[in-house]
Amino acid sequence: MSAPAPELLLPLRRFRLAEHAIFEEVVPEEMPSVLRRLLVHGGDMTSRLENFHNTHIRLEVRHSERTGAGAYFREVLLLCAKSDQAVEYGAIEIFLEAFDPAVRAQILEGKIPLGGLLNSSGMRYRSEPQAYFRVTCGAELFELLDAPPDAALYGRCNVLRTEAGDLLARIVEVLPLSTPAVNAVERAPVLSCEGS
């Protein structure tokens, strides 16, 4: 299978150019079932991860930069608030002019994940996954998610739009293979990041 279209990976390549990661586009049925449940939907990842891990998700901005064209790129980790365990790596291109000034200021402050911010602001938007992928040989990306170097991680390329179709953001989202909740989901109904 081929890699996702290069423009779909642009936010990630902005920060991870030196990596030798190999991306292969996959269909949802090729993903582990738990990760498929987390990735294959038309909503935001923040609320999906909060529900799955039964905890608030906090944002850690690792790198950010603005361009003259009004785009704001940032590389982030989403972390379980109770344990600080990474539950998502994200690279995102945000089109700041599409947001009202108050939301734009909060985006630049970098305290709240974009999905959580959109939901709390009441802004109506559409989430449109463009591709799902498997990534191997991820170097630092794998270290950020505490994955062994020979692992295969899964993610999606997503686009957020206003109800009118204006572009809000392009996002590359990658999930770790192993968290307490992912490991426990087949064994028990209780899903939590506590104590990890």
# chains A, B, ... in the order shown; residues from 1 in each chain; ligands from 1
>>> select_by_dssp(residues="range 20-121 of chain A", states="strand (DSSP E)", output="mmCIF file with N, CA and C atoms, in the first residue's frame")
data_model
loop_
_atom_site.group_PDB
_atom_site.id
_atom_site.type_symbol
_atom_site.label_atom_id
_atom_site.label_comp_id
_atom_site.auth_asym_id
_atom_site.auth_seq_id
_atom_site.Cartn_x
_atom_site.Cartn_y
_atom_site.Cartn_z
ATOM 1 N N ILE A 22 8.527 5.584 8.057
ATOM 2 C CA ILE A 22 7.879 5.022 6.871
ATOM 3 C C ILE A 22 6.381 5.023 7.126
ATOM 4 N N PHE A 23 5.632 5.712 6.277
ATOM 5 C CA PHE A 23 4.183 5.810 6.398
ATOM 6 C C PHE A 23 3.526 4.958 5.324
ATOM 7 N N GLU A 24 2.559 4.151 5.730
ATOM 8 C CA GLU A 24 1.764 3.356 4.794
ATOM 9 C C GLU A 24 0.296 3.631 5.066
ATOM 10 N N GLU A 25 -0.443 4.012 4.048
ATOM 11 C CA GLU A 25 -1.865 4.213 4.213
ATOM 12 C C GLU A 25 -2.527 2.857 4.458
ATOM 13 N N VAL A 26 -3.480 2.827 5.381
ATOM 14 C CA VAL A 26 -4.189 1.587 5.708
ATOM 15 C C VAL A 26 -5.689 1.854 5.708
ATOM 16 N N ILE A 57 -7.641 15.573 29.465
ATOM 17 C CA ILE A 57 -6.446 15.533 28.621
ATOM 18 C C ILE A 57 -5.817 16.919 28.603
ATOM 19 N N ARG A 58 -4.538 16.985 28.862
ATOM 20 C CA ARG A 58 -3.853 18.275 28.824
ATOM 21 C C ARG A 58 -2.903 18.340 27.633
ATOM 22 N N LEU A 59 -2.570 19.552 27.255
ATOM 23 C CA LEU A 59 -1.756 19.822 26.073
ATOM 24 C C LEU A 59 -0.334 20.185 26.474
ATOM 25 N N GLU A 60 0.634 19.604 25.778
ATOM 26 C CA GLU A 60 2.028 20.022 25.902
ATOM 27 C C GLU A 60 2.500 20.426 24.508
ATOM 28 N N VAL A 61 2.750 21.716 24.323
ATOM 29 C CA VAL A 61 3.249 22.206 23.039
ATOM 30 C C VAL A 61 4.769 22.031 23.033
ATOM 31 N N ARG A 62 5.263 21.223 22.110
ATOM 32 C CA ARG A 62 6.699 20.941 22.026
ATOM 33 C C ARG A 62 7.418 21.959 21.145
ATOM 34 N N HIS A 63 6.795 22.331 20.046
ATOM 35 C CA HIS A 63 7.341 23.338 19.132
ATOM 36 C C HIS A 63 6.181 24.073 18.492
ATOM 37 N N SER A 64 6.409 25.339 18.140
ATOM 38 C CA SER A 64 5.390 26.081 17.401
ATOM 39 C C SER A 64 6.069 27.156 16.565
ATOM 40 N N GLU A 65 5.384 27.537 15.494
ATOM 41 C CA GLU A 65 5.885 28.616 14.643
ATOM 42 C C GLU A 65 4.742 29.188 13.817
ATOM 43 N N ARG A 66 4.855 30.468 13.526
ATOM 44 C CA ARG A 66 3.868 31.142 12.687
ATOM 45 C C ARG A 66 4.506 31.454 11.342
ATOM 46 N N ALA A 71 -0.672 31.027 8.873
ATOM 47 C CA ALA A 71 -0.768 29.679 9.432
ATOM 48 C C ALA A 71 0.074 29.589 10.702
ATOM 49 N N TYR A 72 -0.402 28.791 11.619
ATOM 50 C CA TYR A 72 0.291 28.544 12.875
ATOM 51 C C TYR A 72 0.500 27.036 12.969
ATOM 52 N N PHE A 73 1.756 26.629 12.994
ATOM 53 C CA PHE A 73 2.091 25.214 13.107
ATOM 54 C C PHE A 73 2.492 24.921 14.540
ATOM 55 N N ARG A 74 2.051 23.774 15.042
ATOM 56 C CA ARG A 74 2.560 23.357 16.340
ATOM 57 C C ARG A 74 2.625 21.840 16.416
ATOM 58 N N GLU A 75 3.594 21.397 17.199
ATOM 59 C CA GLU A 75 3.806 19.978 17.475
ATOM 60 C C GLU A 75 3.444 19.777 18.931
ATOM 61 N N VAL A 76 2.586 18.797 19.207
ATOM 62 C CA VAL A 76 2.058 18.661 20.561
ATOM 63 C C VAL A 76 2.036 17.210 21.011
ATOM 64 N N LEU A 77 1.973 17.048 22.301
ATOM 65 C CA LEU A 77 1.591 15.789 22.924
ATOM 66 C C LEU A 77 0.314 16.040 23.703
ATOM 67 N N LEU A 78 -0.616 15.107 23.637
ATOM 68 C CA LEU A 78 -1.770 15.121 24.521
ATOM 69 C C LEU A 78 -1.469 14.120 25.632
ATOM 70 N N LEU A 79 -1.644 14.570 26.868
ATOM 71 C CA LEU A 79 -1.244 13.787 28.031
ATOM 72 C C LEU A 79 -2.421 13.582 28.970
ATOM 73 N N CYS A 80 -2.489 12.397 29.588
ATOM 74 C CA CYS A 80 -3.462 12.167 30.651
ATOM 75 C C CYS A 80 -3.113 13.094 31.812
ATOM 76 N N ALA A 86 1.682 10.170 27.709
ATOM 77 C CA ALA A 86 1.297 10.615 26.375
ATOM 78 C C ALA A 86 0.277 9.656 25.778
ATOM 79 N N VAL A 87 -0.841 10.210 25.305
ATOM 80 C CA VAL A 87 -1.870 9.396 24.663
ATOM 81 C C VAL A 87 -2.079 9.796 23.202
ATOM 82 N N GLU A 88 -1.375 10.832 22.753
ATOM 83 C CA GLU A 88 -1.388 11.191 21.338
ATOM 84 C C GLU A 88 -0.229 12.123 21.031
ATOM 85 N N TYR A 89 0.375 11.907 19.860
ATOM 86 C CA TYR A 89 1.287 12.868 19.269
ATOM 87 C C TYR A 89 0.508 13.579 18.175
ATOM 88 N N GLY A 90 0.639 14.885 18.088
ATOM 89 C CA GLY A 90 -0.046 15.615 17.041
ATOM 90 C C GLY A 90 0.842 16.670 16.412
ATOM 91 N N ALA A 91 0.686 16.839 15.118
ATOM 92 C CA ALA A 91 1.298 17.946 14.399
ATOM 93 C C ALA A 91 0.165 18.622 13.644
ATOM 94 N N ILE A 92 0.085 19.940 13.755
ATOM 95 C CA ILE A 92 -1.114 20.625 13.295
ATOM 96 C C ILE A 92 -0.767 21.950 12.624
ATOM 97 N N GLU A 93 -1.490 22.233 11.579
ATOM 98 C CA GLU A 93 -1.442 23.532 10.916
ATOM 99 C C GLU A 93 -2.794 24.190 11.163
ATOM 100 N N ILE A 94 -2.782 25.305 11.872
ATOM 101 C CA ILE A 94 -4.016 25.994 12.253
ATOM 102 C C ILE A 94 -4.089 27.305 11.472
ATOM 103 N N PHE A 95 -5.240 27.568 10.876
ATOM 104 C CA PHE A 95 -5.444 28.795 10.102
ATOM 105 C C PHE A 95 -6.108 29.822 11.010
#
>>> residues_around(residues="Arg156 in chain A", least_positions_apart="2", cutoff="9 Å", atoms="only C-alpha atoms", output="list in words")
Leu39, Val40, Pro129, Gln130, Ala131, Tyr132, Phe133, Arg134, Tyr154, Asn158, Ile171, Val172, Glu173 and Val174 of chain A
>>> write_last_selection(atoms="C-alpha atoms", output="PDB file, in the first residue's frame")
ATOM      1  CA  LEU A  39      -9.234   6.944  15.304  1.00  0.00           C
ATOM      2  CA  VAL A  40     -12.102   6.091  12.967  1.00  0.00           C
ATOM      3  CA  PRO A 129     -10.542  12.309   8.298  1.00  0.00           C
ATOM      4  CA  GLN A 130      -8.600  12.151   5.014  1.00  0.00           C
ATOM      5  CA  ALA A 131      -6.453   9.042   5.510  1.00  0.00           C
ATOM      6  CA  TYR A 132      -5.439   6.443   8.081  1.00  0.00           C
ATOM      7  CA  PHE A 133      -1.875   5.194   8.287  1.00  0.00           C
ATOM      8  CA  ARG A 134       0.666   2.909   9.935  1.00  0.00           C
ATOM      9  CA  TYR A 154      -1.267   4.064  13.824  1.00  0.00           C
ATOM     10  CA  ASN A 158      -7.613  14.923   9.583  1.00  0.00           C
ATOM     11  CA  ILE A 171      -3.821  17.597  11.659  1.00  0.00           C
ATOM     12  CA  VAL A 172      -1.647  14.488  11.794  1.00  0.00           C
ATOM     13  CA  GLU A 173      -2.521  12.402  14.858  1.00  0.00           C
ATOM     14  CA  VAL A 174      -0.531   9.361  16.023  1.00  0.00           C
TER      15      VAL A 174
END
>>> closest_residue(among="A:Val103, A:Pro4, A:Gly155, A:Glu29", to="Pro176 in chain A", atoms="only C-alpha atoms")
A:Gly155
>>> closest_residue(among="A:Val27, A:Leu117, A:Leu145, A:Leu10", to="Met45 in chain A", atoms="only C-alpha atoms")
A:Leu117
>>> closest_residue(among="A:Ala81, A:Ile112, A:Ala139, A:Met31", to="Thr55 in chain A", atoms="only C-alpha atoms")
A:Ala81
>>> closest_residue(among="A:Val135, A:Gly122, A:Glu97, A:Arg14", to="Ser2 in chain A", atoms="only C-alpha atoms")
A:Val135
>>> closest_residue(among="A:Lys111, A:Arg13, A:Arg170, A:Arg124", to="Leu96 in chain A", atoms="only C-alpha atoms")
A:Arg170
>>> closest_residue(among="A:Cys157, A:Ala105, A:Leu167, A:Leu177", to="His41 in chain A", atoms="only C-alpha atoms")
A:Cys157
>>> atom_distance(atom1="CA of Glu109 in chain A", atom2="CA of Ser121 in chain A")
14.9 Å
>>> select_by_dssp(residues="range 3-191 of chain A", states="helix (DSSP H, G or I)", output="VMD selection string")
chain A and resid 6 to 15 28 to 30 33 to 39 45 to 53 96 to 98 101 to 109 114 to 121 140 to 144 180 to 184
>>> write_last_selection(atoms="C-alpha atoms", output="PDB file, in the first residue's frame")
ATOM      1  CA  PRO A   6       2.444  14.291   0.918  1.00  0.00           C
ATOM      2  CA  GLU A   7       0.225  17.315   1.593  1.00  0.00           C
ATOM      3  CA  LEU A   8      -1.651  15.324   4.253  1.00  0.00           C
ATOM      4  CA  LEU A   9       1.587  14.806   6.195  1.00  0.00           C
ATOM      5  CA  LEU A  10       2.745  18.432   5.819  1.00  0.00           C
ATOM      6  CA  PRO A  11       2.188  19.439   9.467  1.00  0.00           C
ATOM      7  CA  LEU A  12       4.274  16.491  10.681  1.00  0.00           C
ATOM      8  CA  ARG A  13       7.042  17.029   8.116  1.00  0.00           C
ATOM      9  CA  ARG A  14       7.324  20.616   9.333  1.00  0.00           C
ATOM     10  CA  PHE A  15       8.794  19.294  12.604  1.00  0.00           C
ATOM     11  CA  PRO A  28      -9.539   0.897   9.210  1.00  0.00           C
ATOM     12  CA  GLU A  29      -9.881  -2.902   9.228  1.00  0.00           C
ATOM     13  CA  GLU A  30      -6.077  -3.209   9.252  1.00  0.00           C
ATOM     14  CA  SER A  33      -9.501  -2.819  17.129  1.00  0.00           C
ATOM     15  CA  VAL A  34      -8.938  -0.490  20.101  1.00  0.00           C
ATOM     16  CA  LEU A  35      -6.968   1.996  18.024  1.00  0.00           C
ATOM     17  CA  ARG A  36      -9.582   1.794  15.284  1.00  0.00           C
ATOM     18  CA  ARG A  37     -12.236   2.809  17.823  1.00  0.00           C
ATOM     19  CA  LEU A  38     -10.130   5.792  18.822  1.00  0.00           C
ATOM     20  CA  LEU A  39      -9.234   6.944  15.304  1.00  0.00           C
ATOM     21  CA  MET A  45      -9.634  13.404  19.292  1.00  0.00           C
ATOM     22  CA  THR A  46      -9.553  15.335  22.574  1.00  0.00           C
ATOM     23  CA  SER A  47     -13.053  14.345  23.693  1.00  0.00           C
ATOM     24  CA  ARG A  48     -12.619  10.811  22.306  1.00  0.00           C
ATOM     25  CA  LEU A  49      -9.410  10.354  24.335  1.00  0.00           C
ATOM     26  CA  GLU A  50     -10.943  11.892  27.472  1.00  0.00           C
ATOM     27  CA  ASN A  51     -13.885   9.504  27.295  1.00  0.00           C
ATOM     28  CA  PHE A  52     -11.680   6.514  26.560  1.00  0.00           C
ATOM     29  CA  HIS A  53      -9.104   7.200  29.271  1.00  0.00           C
ATOM     30  CA  LEU A  96      -5.716  31.523  12.713  1.00  0.00           C
ATOM     31  CA  GLU A  97      -7.772  33.973  10.644  1.00  0.00           C
ATOM     32  CA  ALA A  98     -10.668  31.482  10.645  1.00  0.00           C
ATOM     33  CA  PRO A 101      -9.953  36.891  18.325  1.00  0.00           C
ATOM     34  CA  ALA A 102     -10.769  35.316  21.707  1.00  0.00           C
ATOM     35  CA  VAL A 103     -10.373  31.744  20.425  1.00  0.00           C
ATOM     36  CA  ARG A 104      -7.276  32.744  18.433  1.00  0.00           C
ATOM     37  CA  ALA A 105      -5.674  34.098  21.622  1.00  0.00           C
ATOM     38  CA  GLN A 106      -6.393  30.829  23.437  1.00  0.00           C
ATOM     39  CA  ILE A 107      -4.900  28.817  20.569  1.00  0.00           C
ATOM     40  CA  LEU A 108      -1.694  30.853  20.768  1.00  0.00           C
ATOM     41  CA  GLU A 109      -1.640  30.523  24.564  1.00  0.00           C
ATOM     42  CA  LEU A 114      -7.708  22.463  19.857  1.00  0.00           C
ATOM     43  CA  GLY A 115     -10.599  19.969  19.989  1.00  0.00           C
ATOM     44  CA  GLY A 116     -11.348  20.890  23.590  1.00  0.00           C
ATOM     45  CA  LEU A 117     -11.112  24.576  22.786  1.00  0.00           C
ATOM     46  CA  LEU A 118     -13.496  24.268  19.832  1.00  0.00           C
ATOM     47  CA  ASN A 119     -15.983  22.317  21.918  1.00  0.00           C
ATOM     48  CA  SER A 120     -15.866  24.691  24.915  1.00  0.00           C
ATOM     49  CA  SER A 121     -16.179  27.773  22.684  1.00  0.00           C
ATOM     50  CA  GLU A 140      12.157  10.546  18.115  1.00  0.00           C
ATOM     51  CA  LEU A 141       8.459  10.222  17.368  1.00  0.00           C
ATOM     52  CA  PHE A 142       8.526   6.715  18.824  1.00  0.00           C
ATOM     53  CA  GLU A 143      10.461   7.919  21.871  1.00  0.00           C
ATOM     54  CA  LEU A 144       7.857  10.630  22.510  1.00  0.00           C
ATOM     55  CA  PRO A 180      -3.081   1.140  30.556  1.00  0.00           C
ATOM     56  CA  ALA A 181      -6.477   1.715  28.942  1.00  0.00           C
ATOM     57  CA  VAL A 182      -5.499   0.173  25.616  1.00  0.00           C
ATOM     58  CA  ASN A 183      -3.968  -2.829  27.353  1.00  0.00           C
ATOM     59  CA  ALA A 184      -6.989  -3.305  29.622  1.00  0.00           C
TER      60      ALA A 184
END
>>> atom_distance(atom1="CA of Tyr125 in chain A", atom2="CA of Ala5 in chain A")
23.6 Å
>>> atom_distance(atom1="CA of Leu160 in chain A", atom2="CA of Glu128 in chain A")
6.2 Å
